[in-house]
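Asker: TSV, C-alpha atoms, saved as entry14.tsv, coming up:
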chain	number	residue	atom	x	y	z
F	1	MET	CA	-17.83	4.13	6.83
F	2	THR	CA	-18.54	2.99	3.28
F	3	GLY	CA	-16.35	0.51	1.47
F	4	PRO	CA	-14.48	1.19	-1.74
F	5	ARG	CA	-16.39	1.41	-5.01
F	6	LEU	CA	-16.43	-1.49	-7.43
F	7	PRO	CA	-14.00	-0.96	-10.32
F	8	THR	CA	-14.70	-1.39	-14.03
F	9	ALA	CA	-14.39	-4.82	-15.66
F	10	ARG	CA	-11.24	-5.99	-17.43
F	11	GLY	CA	-12.71	-8.89	-19.38
F	12	GLU	CA	-15.53	-11.42	-19.46
F	13	VAL	CA	-14.85	-13.08	-16.13
F	14	SER	CA	-14.50	-9.87	-14.13
F	15	ALA	CA	-17.56	-8.42	-15.94
F	16	GLY	CA	-19.68	-11.46	-14.98
F	17	LEU	CA	-18.43	-11.27	-11.42
F	18	LEU	CA	-19.10	-7.54	-11.12
F	19	SER	CA	-22.70	-7.97	-12.22
F	20	ALA	CA	-23.09	-10.82	-9.71
F	21	LEU	CA	-21.73	-8.60	-6.94
F	22	ARG	CA	-24.23	-5.92	-7.90
F	23	ASP	CA	-27.37	-8.02	-8.37
F	24	GLY	CA	-26.44	-11.40	-6.92
F	25	GLU	CA	-26.80	-13.44	-10.10
F	26	LEU	CA	-23.57	-15.03	-11.28
F	27	ARG	CA	-23.26	-15.62	-15.00
F	28	ARG	CA	-20.14	-17.71	-15.26
F	29	PRO	CA	-18.38	-17.62	-18.59
F	30	PRO	CA	-16.10	-20.60	-19.12
F	31	PRO	CA	-12.68	-19.25	-18.18
F	32	GLY	CA	-11.17	-21.15	-21.09
F	33	ALA	CA	-7.92	-19.53	-22.24
F	34	LEU	CA	-7.75	-17.10	-19.38
F	35	ASP	CA	-4.24	-15.67	-18.80
F	36	PRO	CA	-3.35	-16.64	-15.20
F	37	TYR	CA	-1.40	-13.38	-14.76
F	38	GLY	CA	-3.72	-11.21	-16.86
F	39	ASP	CA	-5.96	-8.32	-15.83
F	40	ASP	CA	-9.25	-10.22	-16.10
F	41	LEU	CA	-8.31	-13.12	-13.83
F	42	GLN	CA	-6.30	-11.04	-11.38
F	43	LEU	CA	-9.05	-8.44	-10.97
F	44	ALA	CA	-11.74	-11.12	-10.52
F	45	LEU	CA	-9.61	-12.87	-7.91
F	46	TYR	CA	-8.87	-9.57	-6.18
F	47	LEU	CA	-12.59	-8.75	-5.96
F	48	LEU	CA	-13.41	-12.19	-4.57
F	49	TYR	CA	-10.66	-11.94	-1.95
F	50	GLU	CA	-11.69	-8.43	-0.99
F	51	LEU	CA	-15.05	-9.83	0.18
F	52	HIS	CA	-13.03	-11.39	3.04
F	53	TYR	CA	-11.40	-8.06	3.98
F	54	GLN	CA	-13.42	-4.84	3.72
F	55	GLY	CA	-15.86	-5.58	0.90
F	56	PHE	CA	-17.26	-2.93	-1.45
F	57	GLU	CA	-19.87	-0.24	-1.27
F	58	GLY	CA	-23.25	-1.61	-2.31
F	59	VAL	CA	-22.15	-5.28	-2.16
F	60	ALA	CA	-24.00	-7.54	0.29
F	61	GLU	CA	-21.68	-8.65	3.08
F	62	ASP	CA	-22.92	-12.24	3.08
F	63	LEU	CA	-21.71	-12.76	-0.49
F	64	GLU	CA	-18.39	-13.55	1.21
F	65	TRP	CA	-19.66	-17.11	1.67
F	66	ASP	CA	-21.77	-17.44	-1.48
F	67	PRO	CA	-21.18	-20.95	-2.86
F	68	GLY	CA	-21.24	-19.79	-6.48
F	69	LEU	CA	-18.65	-17.10	-5.85
F	70	LEU	CA	-16.49	-19.51	-3.82
F	71	ALA	CA	-16.62	-21.99	-6.71
F	72	LEU	CA	-15.50	-19.28	-9.14
F	73	ARG	CA	-12.72	-18.30	-6.73
F	74	ARG	CA	-11.55	-21.91	-6.58
F	75	THR	CA	-11.42	-22.13	-10.39
F	76	LEU	CA	-9.39	-18.92	-10.66
F	77	GLU	CA	-7.11	-19.86	-7.77
F	78	ARG	CA	-6.31	-23.22	-9.30
F	79	ARG	CA	-5.34	-21.58	-12.57
F	80	PHE	CA	-3.17	-18.98	-10.80
F	81	LEU	CA	-1.54	-21.56	-8.54
F	82	ALA	CA	-0.90	-24.00	-11.38
F	83	ALA	CA	0.85	-21.24	-13.36
F	84	LEU	CA	3.01	-20.35	-10.35
F	85	ARG	CA	3.90	-23.99	-9.73
F	86	ALA	CA	4.94	-24.28	-13.39
F	87	ASP	CA	6.91	-21.00	-13.48
F	88	VAL	CA	8.67	-21.33	-10.14
F	89	PRO	CA	11.12	-24.21	-10.28
F	90	PRO	CA	10.70	-26.67	-7.42
F	91	HIS	CA	13.07	-26.08	-4.52
F	92	ALA	CA	13.32	-28.32	-1.50
F	93	ASP	CA	15.53	-26.20	0.72
F	94	ALA	CA	13.81	-23.32	2.53
F	95	GLY	CA	16.98	-22.20	4.30
F	96	GLN	CA	18.80	-21.89	0.99
F	97	ALA	CA	15.89	-19.96	-0.54
F	98	LEU	CA	16.03	-17.41	2.30
F	99	ALA	CA	19.84	-17.30	2.41
F	100	ALA	CA	19.87	-16.09	-1.19
F	101	LEU	CA	17.82	-13.07	-0.10
F	102	LEU	CA	20.24	-12.22	2.70
F	103	VAL	CA	22.95	-11.09	0.32
F	104	GLU	CA	23.09	-7.49	-0.87
F	105	PRO	CA	24.65	-6.47	-4.20
F	106	VAL	CA	27.92	-4.53	-3.99
F	107	GLY	CA	26.82	-1.78	-6.36
F	108	PRO	CA	23.55	-0.50	-7.81
F	109	ASP	CA	21.16	-3.21	-8.96
F	110	ASP	CA	19.65	-2.25	-12.33
F	111	THR	CA	16.75	-4.65	-11.84
F	112	SER	CA	15.70	-3.26	-8.46
F	113	VAL	CA	12.91	-0.69	-8.15
F	114	SER	CA	14.20	0.62	-4.81
F	115	HIS	CA	17.72	1.09	-6.23
F	116	TYR	CA	16.22	2.99	-9.17
F	117	LEU	CA	14.05	5.21	-6.98
F	118	ARG	CA	16.91	5.95	-4.59
F	119	ARG	CA	19.24	7.06	-7.37
F	120	GLU	CA	16.95	8.79	-9.85
F	121	GLY	CA	13.34	8.46	-8.75
F	122	GLU	CA	11.23	11.57	-9.22
F	123	LEU	CA	8.28	12.58	-7.12
F	124	TRP	CA	5.71	11.44	-9.73
F	125	GLN	CA	7.31	7.98	-9.76
F	126	LEU	CA	7.30	7.80	-5.96
F	127	ARG	CA	3.61	8.74	-6.05
F	128	GLU	CA	2.88	5.98	-8.57
F	129	TYR	CA	4.82	3.54	-6.41
F	130	ALA	CA	2.71	4.52	-3.39
F	131	VAL	CA	-0.50	4.19	-5.43
F	132	LEU	CA	0.37	0.63	-6.46
F	133	ARG	CA	1.63	-0.43	-3.03
F	134	SER	CA	-1.41	1.09	-1.32
F	135	LEU	CA	-3.48	-1.97	-2.19
F	136	TYR	CA	-1.34	-3.96	0.21
F	137	HIS	CA	0.01	-1.40	2.66
F	138	LEU	CA	-3.47	-0.12	3.55
F	139	LYS	CA	-4.17	-3.66	4.77
F	140	GLU	CA	-0.60	-4.37	5.77
F	141	ALA	CA	-0.20	-7.67	7.66
F	142	ASP	CA	-3.92	-8.52	7.33
F	143	PRO	CA	-3.42	-11.43	4.88
F	144	HIS	CA	-0.84	-12.95	7.22
F	145	ALA	CA	-3.12	-12.86	10.25
F	146	TRP	CA	-5.11	-15.74	8.74
F	147	VAL	CA	-2.23	-18.14	9.30
F	148	ILE	CA	-2.30	-17.71	13.08
F	149	PRO	CA	-4.89	-20.43	13.87
F	150	ARG	CA	-2.94	-22.82	11.62
F	151	LEU	CA	0.28	-22.50	13.65
F	152	ARG	CA	1.28	-23.97	16.97
F	153	GLY	CA	3.87	-23.30	19.69
F	154	ARG	CA	7.02	-21.38	18.79
F	155	ALA	CA	5.86	-20.44	15.29
F	156	LYS	CA	2.54	-19.12	16.60
F	157	ALA	CA	4.04	-17.09	19.46
F	158	ALA	CA	6.58	-15.47	17.14
F	159	MET	CA	4.07	-14.83	14.35
F	160	VAL	CA	1.68	-13.11	16.76
F	161	ALA	CA	4.49	-10.98	18.23
F	162	VAL	CA	5.46	-9.72	14.76
F	163	GLU	CA	1.83	-9.13	13.77
F	164	PHE	CA	1.25	-7.19	17.02
F	165	ASP	CA	4.08	-4.88	15.96
F	166	GLU	CA	2.60	-4.52	12.45
F	167	PHE	CA	-0.72	-3.58	14.02
F	168	GLY	CA	0.80	-0.77	16.07
F	169	ALA	CA	1.57	-2.68	19.30
F	170	GLY	CA	-1.67	-1.44	20.82
F	171	ARG	CA	-1.56	2.09	19.39
F	172	ALA	CA	-3.88	2.91	16.52
F	173	ASP	CA	-1.70	5.70	15.15
F	174	GLU	CA	1.21	3.27	14.81
F	175	ILE	CA	-0.65	0.61	12.82
F	176	HIS	CA	1.54	0.26	9.75
F	177	ALA	CA	-1.49	0.63	7.47
F	178	ARG	CA	-2.28	3.95	9.18
F	179	MET	CA	1.34	5.08	8.79
F	180	PHE	CA	1.06	4.32	5.08
F	181	ALA	CA	-2.12	6.39	4.86
F	182	ASP	CA	-0.10	9.25	6.42
F	183	LEU	CA	2.59	8.71	3.76
F	184	MET	CA	-0.07	8.99	1.06
F	185	GLY	CA	-1.24	12.26	2.58
F	186	ASP	CA	2.29	13.66	2.26
F	187	LEU	CA	2.25	12.66	-1.41
F	188	ASP	CA	-1.14	14.35	-2.06
F	189	LEU	CA	-2.76	10.96	-2.64
F	190	GLU	CA	-6.17	9.76	-1.44
F	191	PRO	CA	-5.53	7.44	1.54
F	192	ALA	CA	-8.96	5.75	1.49
F	193	TYR	CA	-8.84	1.94	1.51
F	194	GLY	CA	-8.97	0.44	-1.99
F	195	HIS	CA	-9.20	3.85	-3.69
F	196	TYR	CA	-6.62	3.06	-6.38
F	197	LEU	CA	-7.79	-0.39	-7.48
F	198	GLU	CA	-8.64	0.97	-10.94
F	199	GLN	CA	-5.06	2.19	-11.40
F	200	ALA	CA	-3.38	-1.09	-10.45
F	201	PRO	CA	-2.28	-3.32	-13.34
F	202	ALA	CA	-2.42	-7.10	-13.14
F	203	GLU	CA	1.23	-7.30	-12.05
F	204	ALA	CA	0.42	-5.29	-8.92
F	205	LEU	CA	-2.83	-7.16	-8.18
F	206	ALA	CA	-1.02	-10.50	-8.46
F	207	THR	CA	1.41	-9.61	-5.64
F	208	VAL	CA	-1.55	-8.95	-3.31
F	209	ASN	CA	-3.61	-11.90	-4.54
F	210	LEU	CA	-0.69	-14.18	-3.73
F	211	MET	CA	-0.85	-13.22	-0.05
F	212	SER	CA	-4.62	-13.71	0.10
F	213	LEU	CA	-4.32	-17.07	-1.64
F	214	PHE	CA	-1.66	-18.28	0.80
F	215	GLY	CA	-3.41	-16.74	3.80
F	216	LEU	CA	-6.87	-18.16	3.15
F	217	HIS	CA	-5.77	-21.75	2.55
F	218	ARG	CA	-4.60	-23.80	5.50
F	219	ALA	CA	-3.02	-26.20	3.00
F	220	LEU	CA	-0.76	-23.34	1.89
F	221	ARG	CA	0.38	-22.28	5.40
F	222	GLY	CA	3.96	-23.20	4.56
F	223	ALA	CA	3.88	-20.96	1.49
F	224	LEU	CA	2.35	-18.12	3.54
F	225	VAL	CA	5.20	-18.38	6.04
F	226	GLY	CA	7.73	-18.41	3.19
F	227	HIS	CA	6.05	-15.35	1.70
F	228	PHE	CA	6.07	-13.51	5.04
F	229	ALA	CA	9.75	-14.30	5.59
F	230	THR	CA	10.54	-12.96	2.12
F	231	VAL	CA	8.74	-9.69	2.82
F	232	GLU	CA	10.52	-9.21	6.15
F	233	VAL	CA	13.97	-10.18	4.85
F	234	THR	CA	13.85	-7.96	1.78
F	235	SER	CA	12.18	-4.99	3.47
F	236	PRO	CA	15.00	-3.33	5.48
F	237	PRO	CA	17.39	-2.57	2.57
F	238	ASP	CA	14.50	-1.68	0.23
F	239	SER	CA	12.94	0.55	2.89
F	240	ARG	CA	16.24	2.32	3.51
F	241	ARG	CA	16.51	3.16	-0.21
F	242	LEU	CA	12.87	4.26	-0.43
F	243	ALA	CA	13.28	6.48	2.66
F	244	ALA	CA	16.34	8.03	1.00
F	245	ALA	CA	14.36	8.66	-2.20
F	246	LEU	CA	11.52	10.31	-0.28
F	247	ARG	CA	14.01	12.41	1.70
F	248	ARG	CA	15.78	13.53	-1.47
F	249	THR	CA	12.54	14.55	-3.18
F	250	GLY	CA	11.26	16.36	-0.09
F	251	ALA	CA	8.14	14.20	0.11
F	252	GLY	CA	7.49	14.96	3.77
F	253	ALA	CA	8.02	13.71	7.31
F	254	ALA	CA	5.24	11.08	7.40
F	255	ALA	CA	6.37	9.64	4.07
F	256	GLN	CA	9.92	9.17	5.37
F	257	ARG	CA	8.68	7.86	8.70
F	258	PHE	CA	6.88	4.90	7.13
F	259	TYR	CA	10.03	3.56	5.51
F	260	ASP	CA	12.36	4.57	8.37
F	261	GLU	CA	10.15	2.56	10.72
F	262	HIS	CA	10.31	-0.42	8.37
F	263	VAL	CA	14.12	-0.42	8.40
F	264	ALA	CA	14.26	-0.84	12.17
F	265	ALA	CA	11.11	-2.94	12.59
F	266	ASP	CA	11.81	-5.40	9.82
F	267	ALA	CA	15.44	-5.88	10.87
F	268	VAL	CA	13.89	-7.34	14.04
F	269	HIS	CA	11.02	-9.12	12.31
F	270	GLU	CA	13.37	-10.78	9.85
F	271	GLN	CA	15.33	-12.38	12.70
F	272	VAL	CA	12.20	-13.50	14.54
F	273	VAL	CA	10.47	-14.83	11.42
F	274	ARG	CA	13.45	-16.82	10.17
F	275	ARG	CA	14.42	-18.18	13.57
F	276	ASP	CA	11.06	-18.87	15.17
F	277	VAL	CA	8.25	-18.71	12.58
F	278	VAL	CA	10.01	-20.63	9.79
F	279	GLY	CA	12.18	-22.58	12.26
F	280	GLY	CA	9.25	-23.37	14.54
F	281	LEU	CA	6.96	-24.42	11.69
F	282	LEU	CA	9.56	-26.72	10.13
F	283	ALA	CA	10.47	-28.23	13.51
F	284	SER	CA	6.85	-29.30	14.01
F	285	GLU	CA	5.93	-29.91	10.34
F	286	PRO	CA	9.12	-30.70	8.43
F	287	HIS	CA	7.13	-31.92	5.41
F	288	LEU	CA	6.21	-28.27	4.69
F	289	GLU	CA	9.75	-27.25	3.77
F	290	ALA	CA	9.18	-27.34	0.00
F	291	ASP	CA	6.04	-25.22	0.48
F	292	VAL	CA	8.03	-22.62	2.44
F	293	ALA	CA	10.59	-22.51	-0.38
F	294	PHE	CA	7.75	-22.23	-2.91
F	295	GLY	CA	6.34	-19.25	-1.00
F	296	VAL	CA	9.74	-17.54	-1.09
F	297	HIS	CA	10.26	-18.10	-4.81
F	298	ALA	CA	6.67	-17.35	-5.89
F	299	THR	CA	6.89	-14.02	-4.06
F	300	GLY	CA	10.15	-13.18	-5.79
F	301	PHE	CA	8.74	-14.22	-9.16
F	302	LEU	CA	5.69	-11.93	-8.91
F	303	GLU	CA	7.69	-9.04	-7.41
F	304	ASP	CA	10.12	-9.30	-10.34
F	305	ARG	CA	7.23	-9.12	-12.82
F	306	LEU	CA	5.92	-5.97	-11.13
F	307	GLY	CA	9.42	-4.49	-10.96
F	308	ASP	CA	9.93	-5.15	-14.69
F	309	ARG	CA	6.77	-3.23	-15.54
F	310	LEU	CA	7.67	-0.29	-13.29
F	311	LEU	CA	11.22	0.08	-14.60
F	312	ARG	CA	10.23	-0.55	-18.25
F	313	THR	CA	7.65	2.23	-18.22
F	314	TRP	CA	9.46	4.71	-15.96
F	315	ARG	CA	12.66	4.52	-18.00
F	316	ARG	CA	10.60	5.67	-21.00
F	317	ARG	CA	9.13	8.47	-18.85
F	318	ARG	CA	5.74	6.78	-19.06
F	319	SER	CA	3.24	6.11	-16.30
F	320	ALA	CA	3.32	2.58	-14.86
F	321	LEU	CA	-0.33	2.83	-13.85
F	322	ARG	CA	-3.06	1.07	-15.78
F	323	VAL	CA	-5.13	4.24	-16.03
F	324	PRO	CA	-4.09	7.77	-15.05
F	325	LEU	CA	-4.82	9.14	-11.60
F	326	PRO	CA	-8.16	10.97	-11.38
F	327	ASP	CA	-8.26	14.69	-12.15
F	328	GLY	CA	-6.59	16.68	-9.45
F	329	GLU	CA	-4.48	13.69	-8.41
F	330	GLY	CA	-2.68	13.22	-11.70
F	331	ARG	CA	-0.37	16.17	-11.69
F	332	ARG	CA	3.21	15.23	-12.30
F	333	THR	CA	4.62	17.33	-9.54
F	334	SER	CA	8.21	16.91	-10.66
T	1	MET	CA	7.22	-8.26	28.10
T	2	ALA	CA	7.69	-8.99	31.77
T	3	ASN	CA	11.15	-8.88	33.28
T	4	SER	CA	10.98	-10.60	36.64
T	5	PRO	CA	12.95	-13.25	38.53
T	6	GLU	CA	10.34	-15.79	37.39
T	7	ARG	CA	10.57	-14.65	33.78
T	8	PRO	CA	13.95	-13.06	33.16
T	9	ARG	CA	14.51	-11.02	30.03
T	10	ARG	CA	15.88	-13.15	27.21
T	11	VAL	CA	18.88	-12.14	25.13
T	12	THR	CA	19.63	-14.20	22.02
T	13	ILE	CA	23.11	-14.30	20.52
T	14	ASP	CA	23.71	-14.94	16.83
T	15	PRO	CA	27.34	-14.77	15.67
T	16	ASP	CA	26.23	-13.64	12.20
T	17	GLY	CA	23.62	-11.06	13.15
T	18	PRO	CA	22.35	-8.62	15.76
T	19	MET	CA	21.82	-9.41	19.43
T	20	LEU	CA	18.11	-9.90	20.09
T	21	VAL	CA	16.92	-8.43	23.41
T	22	GLU	CA	13.35	-8.62	24.67
T	23	GLY	CA	11.93	-5.12	24.93
T	24	PRO	CA	11.20	-2.54	26.03
T	25	VAL	CA	14.86	-1.71	26.39
T	26	GLU	CA	17.13	1.31	26.80
T	27	VAL	CA	20.62	1.25	25.32
T	28	VAL	CA	23.20	3.65	26.76
T	29	CYS	CA	25.70	4.40	24.00
T	30	ALA	CA	29.39	5.16	24.42
T	31	ASP	CA	28.74	8.91	24.13
T	32	GLY	CA	26.13	8.78	26.87
T	33	THR	CA	23.10	9.08	24.61
T	34	VAL	CA	20.21	6.79	25.43
T	35	ALA	CA	18.24	4.98	22.73
T	36	THR	CA	14.88	3.45	23.65
T	37	SER	CA	12.95	0.69	21.91
T	38	ARG	CA	9.39	-0.21	22.95
T	39	ARG	CA	9.29	-3.10	20.49
T	40	PHE	CA	8.63	-6.67	21.78
T	41	THR	CA	12.19	-7.48	20.76
T	42	ALA	CA	15.00	-5.14	19.79
T	43	ALA	CA	17.82	-6.12	17.42
T	44	ILE	CA	21.01	-4.50	18.68
T	45	CYS	CA	23.75	-4.01	16.11
T	46	THR	CA	26.95	-5.95	16.79
T	47	CYS	CA	28.76	-5.32	13.48
T	48	ARG	CA	28.97	-1.55	14.13
T	49	ARG	CA	28.02	-0.80	10.52
T	50	SER	CA	24.41	0.18	11.18
T	51	ARG	CA	23.31	3.64	10.13
T	52	ILE	CA	20.72	3.61	12.90
T	53	TYR	CA	23.08	2.38	15.63
T	54	PRO	CA	22.51	0.95	18.25
T	55	TRP	CA	19.70	-0.77	16.32
T	56	CYS	CA	20.33	-3.25	13.51
T	57	ASP	CA	19.53	-2.07	9.98
T	58	THR	CA	20.77	-5.30	8.29
T	59	SER	CA	24.07	-3.66	7.25
T	60	HIS	CA	25.83	-6.81	8.50
T	61	ARG	CA	24.61	-8.71	5.44
T	62	ARG	CA	27.15	-10.17	3.11
T	63	ARG	CA	27.64	-8.24	-0.10
T	64	THR	CA	28.39	-9.79	-3.42
T	65	ASP	CA	28.54	-9.03	-7.12
T	66	ARG	CA	25.30	-10.05	-8.75
T	67	ASP	CA	27.24	-11.89	-11.46
T	68	GLN	CA	28.85	-14.16	-8.91
T	69	GLY	CA	25.46	-15.33	-7.68
T	70	ALA	CA	24.01	-14.96	-4.28
T	71	THR	CA	25.15	-18.08	-2.50
What does this structure look like when you write it as structure tokens?
Answerer:
Amino acid sequence: MTGPRLPTARGEVSAGLLSALRDGELRRPPPGALDPYGDDLQLALYLLYELHYQGFEGVAEDLEWDPGLLALRRTLERRFLAALRADVPPHADAGQALAALLVEPVGPDDTSVSHYLRREGELWQLREYAVLRSLYHLKEADPHAWVIPRLRGRAKAAMVAVEFDEFGAGRADEIHARMFADLMGDLDLEPAYGHYLEQAPAEALATVNLMSLFGLHRALRGALVGHFATVEVTSPPDSRRLAAALRRTGAGAAAQRFYDEHVAADAVHEQVVRRDVVGGLLASEPHLEADVAFGVHATGFLEDRLGDRLLRTWRRRRSALRVPLPDGEGRRTS
Amino acid sequence: MANSPERPRRVTIDPDGPMLVEGPVEVVCADGTVATSRRFTAAICTCRRSRIYPWCDTSHRRRTDRDQGAT
């Protein structure tokens, strides 16, 4: 099995990194006024993180631990994290941060992508949504597995139970990433890992980079847990609306199944994560509470930025992708 | 999950949410239909609003106008 192909550069930093990944020689431009949420930084960070997951075709596997690349990653991470710390107001109360997510709006929410897709989403928009989410869902729950050795006791037991479920509870065809690949098949999309990296704008890359950042740093284990709780808490209502959108547009059985499964599964996971993963972590390490709250709010902040881009472009009947889908995949089937 | 005298199945009650039952579990509904969950834990709806009854779908959550804020 070959890994995904390297994408094209989006600026000086990602160009320097791409040439280093190809020939091993890193030419580091000073990342002076680099936009922490921009395409260049987010792509470079994504490429560096991907070395820890599946890598790329033609890229040496041992570059994962190349000191020069790790130093570049650290520089980019610090810039990204500093921006998030500045943009997400400090909150001390993790319970309050999660409680705010446990309330559903009475009517349609004009700022919510899943509300939009349920009411008026067309098949081409659902396909674009799947393209952008594929960067995470094809490695669903992988970034969170890194936190396991950093947890103890109740938090660890509960985290592993939820991850076991995400990874198919022992059955390969029920791994959530595999179920998402099946969804992509129903939507006439290419389900190969990392295939749509070129299409993903910075806003989409940032949501995945956040998980890798939190997952790879033990110091950010509280934020990772806050992030995971946010995903599980917000998933059931979103998944129900997305399943309804896919049902209405006749996307197919596997496409519906992915989101139907997430309604039932994440209604359980949400309870277990709040009660035992967050509760267990804060019982043993109460000083991490502000980090858990930061993880919740940083996730919401980046998801809102992505949602803004999707709704802004779709409402003008424009593609939300950075570049169009390749020939043969770009048909607007609506 | 084992269910033995040494390790009895655990059921967790939450007045504001579903009942959590260690799986696998069968639920016999009032009309005689049987729902099965193989999950490590099942969340059984207690608010009766779930659209996937007997399982929880988070329909018990409080609803509010966005303008009034979430808390």
Asker: For Asp39 in chain F, please output as a list in words all residues within 7 Å (counting all atoms listed in the file; exclusion window: fewer than 3 positions along the same chain).
Answerer: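 The residues satisfying every condition are Arg10, Gln42, Leu43, Pro201 and Ala202 of chain F.
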Asker: Pull C-alpha atoms from the residues just selected and write them as a CSV table (one decimal), in the coordinates of the input.
Answerer:
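Final file, selection33.csv:
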chain,number,residue,atom,x,y,z
F,10,ARG,CA,-11.2,-6.0,-17.4
F,42,GLN,CA,-6.3,-11.0,-11.4
F,43,LEU,CA,-9.0,-8.4,-11.0
F,201,PRO,CA,-2.3,-3.3,-13.3
F,202,ALA,CA,-2.4,-7.1,-13.1
Asker: Write out as a PyMOL selection string every residue belonging to chain T that has an atom at most 12 Å from any atom of chain F, counting all atoms listed in the file.
Answerer: chain T and resi 1+12-14+16-24+37-45+50-71
Asker: Extract, using only C-alpha atoms, all DNA, RNA and protein residues at most 8 Å from Gly222 in chain F, discarding same-chain residues fewer than 2 positions from it, and format them as a JSON list (two decimals) with C-alpha atoms, in the coordinates of the input.
Answerer:
[["chain", "number", "residue", "atom", "x", "y", "z"],
["F", 219, "ALA", "CA", -3.02, -26.20, 3.00],
["F", 220, "LEU", "CA", -0.76, -23.34, 1.89],
["F", 224, "LEU", "CA", 2.35, -18.12, 3.54],
["F", 225, "VAL", "CA", 5.20, -18.38, 6.04],
["F", 226, "GLY", "CA", 7.73, -18.41, 3.19],
["F", 281, "LEU", "CA", 6.96, -24.42, 11.69],
["F", 288, "LEU", "CA", 6.21, -28.27, 4.69],
["F", 289, "GLU", "CA", 9.75, -27.25, 3.77],
["F", 291, "ASP", "CA", 6.04, -25.22, 0.48],
["F", 292, "VAL", "CA", 8.03, -22.62, 2.44],
["F", 295, "GLY", "CA", 6.34, -19.25, -1.00]]
Asker: Take the point (-16.3, -14.4, -15.0) as written in the file and pick out every residue within 12 Å of it, counting only C-alpha atoms; give the list as number ranges by chain.
Answerer: F: 9-21, 25-32, 34, 40-45, 47-48, 68-69, 71-73, 75-76
Asker: Go ahead and compute the interatomic distance for CA of Leu138 in chain F and CA of Asp182 in chain F, in Å to one decimal.
Answerer: 10.4 Å
Asker: Write out as a list in words which residues come within 8 Å of Ala204 in chain F when counting only C-alpha atoms, dropping same-chain ones fewer than 4 positions away.
Answerer: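 With the cut-off at 8 Å, the set is Leu132, Arg133, Ala200, Val208 and Leu306 of chain F.
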Asker: Quick one: distance from CA of Pro89 in chain F to CA of His297 in chain F in Å, one decimal?
Answerer: 8.2 Å
Asker: Quick one: pull the distance between CA of Ala254 in chain F and CA of Leu183 in chain F, Å, one decimal.
Answerer: 5.1 Å
Asker: Rank F:Glu122, F:Glu232, F:Glu50, F:Asp35 by their smallest atom-to-atom distance to Ala82 in chain F, using only C-alpha atoms, and report the top residue only.
Answerer: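 The closest residue to Ala82 in chain F is F:Asp35.
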Asker: Can you work out which one of F:Tyr46, F:Phe56, F:Tyr129, F:Trp146 has the shortest atom-to-atom distance to Arg309 in chain F, counting all atoms listed in the file?
Answerer: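 The shortest atom-to-atom distance to Arg309 in chain F comes from F:Tyr129.
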